[in-house]
Each structure stands twice: as C-alpha cells, then as structure tokens.
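Student: Here's a structure for you.
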Amino acid sequence: MFNFSLMAKQTTLYPIHAQLGAKLIPFAGYDMPVRYQSDKQEHLAVRERVGVFDVSHMGEFIIRGPKALDLIQQVTSNDASKLPAGKAQYSCLPNHEGGIVDDVIVYHIRDDQYMIVANAANIQKDWDWISASNQRIGAEMIDISEKTSLIAVSGPKADATLQKLAPEGLDLAAFGTYQCWKGTFNGAEKSLIATTGYTGERTFEVFVWNEYAEQMWHDIMAAGEEFGIEPCGLGARDTLRLEMGYMLYGNDINDTTSPLEAGLGWITKLKKGPFNGSEAIAKLKTEGLQRKLVAFKLKTRGIPRSGYEIAKDGQVIGTVTSGSLSPVLNEGVGMGYVPVEHSAVGTELEIRIRNKPVPAEVVRPPFIPR
C-alpha cells in the first residue's frame, strides 16, 4: 500500500497533523498522516458524516494555450474534446506499449486552460512523459505541485460543511459530479473547488495556494464540527477506495497493465484519433484479453493482502493486487488479475492466506451498496 522513501518532504499542513498526534509515515516522498485515531473510526466518519484529508502530496500541472487540448488529447486515453469548461474527467496516461504511466484527472478550468492532477509518486515521471510529447506540440506547461495544497472533504455532510465557507451565490449542493469552479473561496484567491474524490462519498476537493492552506483546514474543521467531522489519514483513504473498487496506481495498475485489462475501457476512447499507446491498445482489443482485473469477496473469515496468491481448483492463477477488511461489511474484499476464463461474476476462487486456501467469489464492484 505504501511507498517509502528516506528523504521525505512535508506538506504545508504537516504541523497541524503533528499537533493532532497523527501517526506520520513516509509515503510517495512525503511524511503523511496514516491515521489520527483508528482507520475504522475515520472510515466510518466519511461513510456516515464527514471527514477531511490532506492530499497535498498530489501533483498539479497547468496545461494552457491554443495547443493545450492537442497535448491533452495526445497523452491521455479519454476524449477531452468532449469536456466542457467547468468539468473534469477521469483518464489515464498510456505508454507506447499500451501500459499505464499513471491514472489522472483532467480539469477543464476555462477556455484553453486545463489542469492535470497526478499521483504523488508519479509527479516527475508524469511531467517528463507529458513534456516529451509536448516537444512537438508546444503547449504551455506549468508545474504548480509544490505551490499547491489540496484538502478533500468527503461524506454525506460535505456539502453542508463547505457551504458555510462558500461565497454568496455559490450553491455547492447544485454541483454535479466531476464539476469544478475557480474563484475566491473562504478568502483564498484563485481556489479551485471540484466534486472529484476517491472515497465513493460526496467529495469536494479544495485546491488552494499554500499560504491559504492552514486557515482553510481550520475553517473547514470548525464548519464541520456540528456534523462530527474528523481528520482522516491514508489508512481510511485506502479502505474507502477499496470498498468502491477504485484502483491504486502501483498496486492495481502500472506500466505493464493495459487499461482494457483493468476495466478502464470506458475511459479509453480509441475513436477520438491517435494518442500515445492507441495502436497497442487497439491491437490488444482486436486480439482479445488474456487477463482481467476482478473484484472478489471472501466467503469465510480472513483478510486478503496485496501479494497473496489467487488459485482456482488448487492451481495458482493470479495475485491479489489490493485487499483488506471492509469496515462496512466486516468481510475480506480485494482485487487481482486472473485469466479471462476465470473472471466472470460468480466464479469461485481461493485466496491463499498463510498458505491456507480461503474460498472467495468474483463480484461486481462496488463492494458496498450504492
């Protein structure tokens, strides 16, 4: 789950986490809070009320100018030409072999100005990859990752919490999914507010310049106090995304996995025209998949972990890429790649936990009712 490094950076909000007594660990090059109280408590706070996350370790690239859309179309799998201003879309950066450099969110802020949000561990990798394509396209690229803080407010009470801080006339409850708005929010100039998230609950991601981050955090916490808001760490973030069947880069997808194998055909628009990796992806689609990423649920007690073997009739056929105990279901759930012939919903598998086969069944995500 976690990528460790020796020389960890600190987000602007690090002093707050330390003061709150969070357990801090190196993750993707940063010292990040893994939990404040308990993973389950924070997980349930998001599912039932509202939680707040510091995700300032993520990367933000501004792509702008008359060639901005051309560049985004070249490097991403989704069709950004269909993305109106004020909206965002989930996408990925394919490599030339059809693997995934990273999964990203593309925000169309206004006119010819876009933002790509990259996973923290891939910031330099993504920047270099996009820049290589940009050498012949010529869009303006600006890396604002080090200057930007990102606070995610997630849960059924996220709207009510943030509405207290919104400027007059901005009705957050009217925001649809994957919508974004830029302006002065709670005194923070040039903020970007977006209904994008990683938990499966109603989420607002608040992008602000670093100088506004601490005050924004404190004001969000104060606004959510009546709803039982809690600060949440990476532990809860991981189980929340897993309950929804959301993928984690480096675990469930990487440079060797095709978006088609990962079930991301819906963000892979081959008809939009050529893009990085499109020939390799089209070839795989024509020839047929050999493996697929599946979600599974254990049929008895146990906790599947990343790296555990997946077996069928006693023969190893795959490996768990993500797994944990669902705090909502109190059942073991996970994901992993298996041969296509064993990928249908209802297929019975075994997960080898401490060398013992534990029965499991392929299910359709999300794991919890939605």
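Labels used: A, B, ... for chains in the order of the structure tokens, numbers from 1 for residues in each chain, and numbers from 1 for ligands as shown.
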Do you know which residues are at most 9 Å from Gly65 of chain A counting only C-alpha atoms, after dropping those on the same chain fewer than 6 positions away, and could you put them as a ChimeraX atom specification?
Tutor: /A:111-113,138-141
Student: Residues of segment 86-277 of chain A classed as strand (DSSP E or B) by DSSP on the backbone are to be reported as a PyMOL selection string.
Tutor: chain A and resi 87-94+100-110+113-118+140-143+148-154+179-185+188-194+203-209+230-231+249+253
Student: Find the residues of segment 242-308 of chain A that sit at most 7 Å from segment 69-82 of chain A; for each, write down the nearest two atoms and how far apart they are in Å, to one decimal. Count only C-alpha atoms. Sort by chain, then by number going up, and give it as JSON lines.
Tutor:
```
{"residue": "A:Ile267", "atom": "CA", "partner": "A:Asn78", "partner_atom": "CA", "distance": 4.8}
{"residue": "A:Thr268", "atom": "CA", "partner": "A:Ser77", "partner_atom": "CA", "distance": 4.7}
{"residue": "A:Lys269", "atom": "CA", "partner": "A:Asn78", "partner_atom": "CA", "distance": 5.4}
{"residue": "A:Lys272", "atom": "CA", "partner": "A:Asp79", "partner_atom": "CA", "distance": 6.3}
{"residue": "A:Phe275", "atom": "CA", "partner": "A:Gln74", "partner_atom": "CA", "distance": 4.5}
{"residue": "A:Asn276", "atom": "CA", "partner": "A:Val75", "partner_atom": "CA", "distance": 5.6}
```
Student: Which value, in Å to one decimal, gives the distance between atom CA of Val320 of chain A and atom CA of Asp252 of chain A?
Tutor: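 Interatomic distance, atom CA of Val320 of chain A to atom CA of Asp252 of chain A: 8.7 Å.
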Student: Fewer than 4 positions away in the same chain doesn't count, so skip those; otherwise give me all residues within 8 Å of segment 121-124 of chain A, counting only C-alpha atoms, as a list of chain:residue names.
Tutor: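 Listing them by chain and then by number gives A:Asn3, A:Ala28, A:Gly29, A:Met58, A:Gly59, A:Asp102, A:Asp128.
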Student: Between A:Glu243, A:Glu60, A:Glu168, A:Glu350, which is the closest to Leu150 of chain A once you count only C-alpha atoms?
Tutor: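 Nearest to Leu150 of chain A: A:Glu60.
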Student: Using only C-alpha atoms, determine which residues lie at most 6 Å from Tyr30 of chain A, disregarding the query and same-chain residues fewer than 3 positions distant; provide the list as an mmCIF file with N, CA and C atoms, in the first residue's frame.
Tutor:
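part-v8.cif, written as the output of this step:
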```cif
data_model
loop_
_atom_site.group_PDB
_atom_site.id
_atom_site.type_symbol
_atom_site.label_atom_id
_atom_site.label_comp_id
_atom_site.auth_asym_id
_atom_site.auth_seq_id
_atom_site.Cartn_x
_atom_site.Cartn_y
_atom_site.Cartn_z
ATOM 1 N N ALA A 8 11.932 12.360 3.121
ATOM 2 C CA ALA A 8 10.531 12.722 2.952
ATOM 3 C C ALA A 8 10.333 14.229 3.059
ATOM 4 N N LYS A 9 9.467 14.766 2.207
ATOM 5 C CA LYS A 9 9.071 16.160 2.278
ATOM 6 C C LYS A 9 7.910 16.294 3.254
ATOM 7 N N GLN A 10 7.500 17.525 3.473
ATOM 8 C CA GLN A 10 6.353 17.792 4.335
ATOM 9 C C GLN A 10 5.377 18.696 3.598
ATOM 10 N N PRO A 26 6.407 7.946 5.926
ATOM 11 C CA PRO A 26 6.823 8.373 4.590
ATOM 12 C C PRO A 26 5.949 7.711 3.540
ATOM 13 N N PHE A 27 5.372 8.503 2.640
ATOM 14 C CA PHE A 27 4.520 7.985 1.580
ATOM 15 C C PHE A 27 4.716 8.842 0.345
#
```
